[in-house]
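Asks: I'd like to ask you about the structure that follows.
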Amino acid sequence: MNRVAPTAPSTGRPWYRPSLTTQILIGLVLGGFIGWLRPEWGNKVYFLRDIFLNLIKSIIAPLVFSTIVVGIAGAGSLKKVGKMGLKAIIYFEIATTAALAIGLAVVNLTKPGVGVALVAGPNEVVNTVAHTHPKTLIEIITHIFPASVIDAMARGEVLQIVAFSVLFGMAVSAVGEKGKPIVTVADSLMQVMFKFTNYVMMFAPIGVGAAMAHTIGTQGLGVLLNLGNLILSLYLALVIFIVVVFGSVILLLRIPLWQFVRAVREPATLAFATTSSESALPKAMESMDRFGVPPHIVGLVMPAGYSFNLDGSTLYLAMASVFVAQAAETTTGHHVGLAQQLTIMLALMITSKGVAAVPRASLVILLATLNSFLPAGLGPIGVAVIFGVDELMDMGRTGVNLIGNCLATVVVARWEGEFDDKRAQIFGTPAEIEMDLRSGNVAFAEAARDD
C-alpha cells in the first residue's frame with residue numbers, strides 16, 4: 001500500500017498566501033478598479049505589463065528547444081515525429097472546423113450585426129490593419145524553416161525554433177553515444193527553465209493588473225456597452241464550444257476532468273488577462289508535462305498549435321465576419337446568405353492558419369476575407385467598428401486558444417499511447433509532490449505546492 005511520507009509537503013496554505021491563480025484574479029480585479037478610478041494611471045503602469053511579457057518571451061526559446069531535444073533524442077525518430085505531427089494536424093482540423101461551425105450557428109441565432117450601421121470610422125485604424133497582409137500557405141511553409149536559429153530565437157519565432165529543434169534532436173539521436181552529453185545539457189537546461197518560469201510567475205499578478213488598468217483606463221467601462229451584443233454572443237459561443245467540443249473530447253478519451261481544469265487554470269487565466277498566448281506558453285508546457293504528457297509531445301504539439309490550432313480565434317473570425325455582413329445588409333441591403341457564409345468559412349479555414357505570425361492577426365485575417373465577399377469599402381469600415389472592443393473579445397478567444405492547445409497535447413499523447421494516467425490522477429495533490437521529490441524534480445514539486 002502506498003503511503004504519503006510524513007515529511008511530504010502539504011498543498012495547504014494559510015489564507016494570506018493564496019494560490020497563483022487567486023493572486024492573478026486579485027490583480028485582474030484591482031487593476032480594473034484602478035483603471036476605472038484613476039484612468040490616467042493606466043498608461044503609467046503599463047510598463048509593468050511589458051516587463052512581465054518580456055520576461056516570459058525570454059523563457060520560450062530555451063524551453064522549447066530543450067524540451068524537444070530531450071524528448072526526441074531520448075525516445076524519438078523521424079518516423080515517430082512524422083506520425084505524431086500528422087495526428088496533431090488531424091486533431092487541429094477537427095477542432096477548428098467545430099469552432100467555425102459553432103461560431104456560425106451562434107452568430108446567425110443572435111444576429112448581433114442587425115441594426116448596426118457601417119459608418120466610416122477612424123482612417124488610421126482602417127489603414128493600420130489594411131496595410132498588413134496575412135501570409136499565404138506557401139509563405140507560411142517557407143517561414144517555418146529558419147535561415148538562422150539565433151535570429152529566430154531573438155525574434156521569438158516559435159515555429160522556426162520548433163523546426164530547428166526537431167531536426168537537431170534527430171541529429172543528436174543519430175550520433176548515439178557522442179550525443180548523450182548534449183542530451184544531458186538540454187535536460188539540465190529544461191529543468192532550469194521550469195524553475196525560472198516559477199520565479200517569473202511571481203510577477204504575474206502585477207503584470208496582469210497593469211494590463212487591465214491600461215485597458216479600462218484608456219477605453220473606460222462604457223466600452224462594455226458598445227457592441228455589447230457581439231461581445232456577449234462571442235462569449236456564449238466560446239462557452240458552448242468549451243462544454244460541447246472540449247467536454248466531448250475529455251469524456252471520450254477518459255481524461256480526468258477536474259485535474260485537467262486544475263492544470264490549465266493558471267495558464268488560461270494568464271492568457272485571458274494579458275491577451276497574449278506567449279505569456280502562458282511556459283507555464284502551460286510545465287503544467288502539461290506535470291499532467292502526464294511526455295515532454296517531446298508537449299514541445300512539438302503545443303508550439304505548433306499556436307499557428308494551426310487557434311480554436312478561439314477561429315470561432316471569433318466566423319462570428320466577426322458574419323457580424324460585419326449583417327451590418328452591411330443593414331447599411332446597403334447587400335445580403336450574405338448561408339451558402340456565401342459557408343464559402344467565407346472555407347476561406348477562413350485556410351487563411352487563419354497563419355494567424356499567429358501577424359500583428360493584430362485576427363483583424364488582418366478578417367479584413368482580408370471580408371474584402372473578397374463584401375462590396376468595396378465595407379470591409380475596412382466593419383473592422384474599424386469592431387476595433388474598439390477587439391481587446392475585450394481577444395481576452396476570451398486567447399484563453400480558449402490556450403486551453404485548446406493544452407488539450408491537443410493530451411489528445412496526441414493518448415493517441416500515441418504515451419499518456420501517463422497515474423500522473424494525471426494525482427495532479428495538484430500531495431502525492432504529486434512526493435513523487436517529484438523522490439525523482440529529484442524539485443521544480444515540479446514547488447510548482448505543485450504553489451497550486
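Starting from 1 in every chain, residues are counted up; chains themselves are A, B, ... following the order of the C-alpha cells, and ligands are numbered from 1 as listed.
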Need the shell around A:Phe272: protein/DNA/RNA residues with any atom at most 6 Å away, counting only C-alpha atoms. Skip same-chain ones fewer than 6 positions apart. Format as a PDB file with C-alpha atoms, in the first residue's frame?

Replies:
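The new file part-v1.pdb reads:
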```pdb
ATOM      1  CA  MET A 395      -9.244  38.021 -23.856  1.00  0.00           C
ATOM      2  CA  GLY A 396     -11.812  35.256 -24.297  1.00  0.00           C
ATOM      3  CA  THR A 398      -6.897  33.827 -26.322  1.00  0.00           C
ATOM      4  CA  GLY A 399      -7.931  31.894 -23.218  1.00  0.00           C
TER       5      GLY A 399
END
```

Asks: Please, what distance in Å, to one decimal, runs between atom CA of A:Val208 and atom CA of A:Phe52?

Replies: 8.5 Å

Asks: Can you work out which one of A:Val243, A:Ile433, A:Leu238, A:Leu281 has the shortest atom-to-atom distance to A:Val158, counting only C-alpha atoms?

Replies: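 Looking at the shortest contact to A:Val158, the residue is A:Leu281.
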
Asks: Could you give me, as a count of residues only, the residues within 9 Å of stretch 301-314 of chain A, counting only C-alpha atoms and dropping anything in the same chain fewer than 3 positions from it?

Replies: 54

Asks: As a PyMOL selection string, list the residues of stretch 274-374 of chain A assigned to helix (DSSP H, G or I) by DSSP on the backbone atoms of this structure.

Replies: chain A and resi 274+277-291+295-308+311-332+338-357+361-373

Asks: Figure out the distance between atom CA of A:Ala163 and atom CA of A:Met201, please, to one decimal in Å.

Replies: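 We find that atom CA of A:Met201 and atom CA of A:Ala163 lie 27.4 Å from each other.
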
Asks: Any idea what the distance is between atom CA of A:Gly113 and atom CA of A:Ala325?

Replies: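 Between these atoms lies a distance of 7.5 Å.
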
Asks: Contacts of stretch 209-213 of chain A at 6 Å or less, counting only C-alpha atoms, minus same-chain residues fewer than 6 places along, as a tab-separated table (two decimals) with N, CA and C atoms, in the first residue's frame?

Replies:
```tsv
chain	number	residue	atom	x	y	z
A	27	GLY	N	-5.17	40.48	-8.90
A	27	GLY	CA	-4.51	41.52	-9.70
A	27	GLY	C	-5.39	42.04	-10.81
A	28	LEU	N	-6.16	41.12	-11.43
A	28	LEU	CA	-7.08	41.50	-12.51
A	28	LEU	C	-8.14	42.47	-12.00
A	31	GLY	N	-6.53	45.82	-10.83
A	31	GLY	CA	-6.12	46.60	-11.99
A	31	GLY	C	-7.29	47.28	-12.66
A	32	GLY	N	-8.41	46.54	-12.82
A	32	GLY	CA	-9.61	47.13	-13.40
A	32	GLY	C	-10.15	48.27	-12.55
A	34	ILE	N	-8.41	50.19	-10.47
A	34	ILE	CA	-7.50	51.33	-10.58
A	34	ILE	C	-7.72	52.07	-11.90
A	35	GLY	N	-7.89	51.30	-13.00
A	35	GLY	CA	-8.12	51.92	-14.30
A	35	GLY	C	-9.41	52.70	-14.35
A	42	GLY	N	-3.51	54.29	-15.99
A	42	GLY	CA	-3.44	53.15	-16.90
A	42	GLY	C	-2.18	53.15	-17.74
A	45	VAL	N	1.27	52.70	-15.56
A	45	VAL	CA	1.67	51.38	-15.04
A	45	VAL	C	1.79	50.33	-16.14
A	46	TYR	N	1.53	50.71	-17.38
A	46	TYR	CA	1.52	49.73	-18.47
A	46	TYR	C	2.89	49.09	-18.67
A	49	ARG	N	3.33	45.59	-17.34
A	49	ARG	CA	2.84	44.51	-18.19
A	49	ARG	C	3.90	44.14	-19.23
```

Asks: I need the residue nearest A:Asn198 from this list: A:Val245, A:Leu366, A:Ile56, A:Ala413. Use only C-alpha atoms for the distance.

Replies: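 Answer, going by the shortest atom-to-atom distance: A:Ile56.
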
Asks: Which residue out of A:Leu367, A:Ala268, A:Leu374, A:Ala263 has the minimum interatomic distance to A:Val410 when only C-alpha atoms are used?

Replies: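 Result for the nearest residue to A:Val410: A:Ala263.
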
Asks: Of the residues A:Pro39, A:Leu315, A:Ser279, A:Lys87, which is the one nearest to A:Ile242, using only C-alpha atoms?

Replies: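 For A:Ile242, the nearest of the candidates is A:Leu315.
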
Asks: Counting only C-alpha atoms, figure out which residue out of A:Gly176, A:Gly247, A:Pro282, A:Pro380 gets nearest to A:Gly299.

Replies: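 Ranked by minimum distance to A:Gly299, first place goes to A:Pro282.
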
Asks: Let me make sure I understand: among A:Val114, A:Leu189, A:Leu37, A:Ala105, which one has the smallest atom-to-atom distance to A:Pro62 if we use only C-alpha atoms?

Replies: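 Looking only at the distances to A:Pro62, the closest residue turns out to be A:Leu189.
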
Asks: Find the residues around stretch 147-156 of chain A up to 7 Å (only C-alpha atoms counted), leave out those fewer than 6 positions away in its own chain, and share them as a ChimeraX atom specification.

Replies: /A:57,61,164

Asks: Would you write out those residues with C-alpha atoms, as a PDB file, in the first residue's frame?

Replies:
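Output saved as selection37.pdb:
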```pdb
ATOM      1  CA  LYS A  57       9.425  35.785 -24.010  1.00  0.00           C
ATOM      2  CA  ALA A  61      13.171  29.785 -26.934  1.00  0.00           C
ATOM      3  CA  PHE A 164      15.243  23.569 -35.886  1.00  0.00           C
TER       4      PHE A 164
END
```
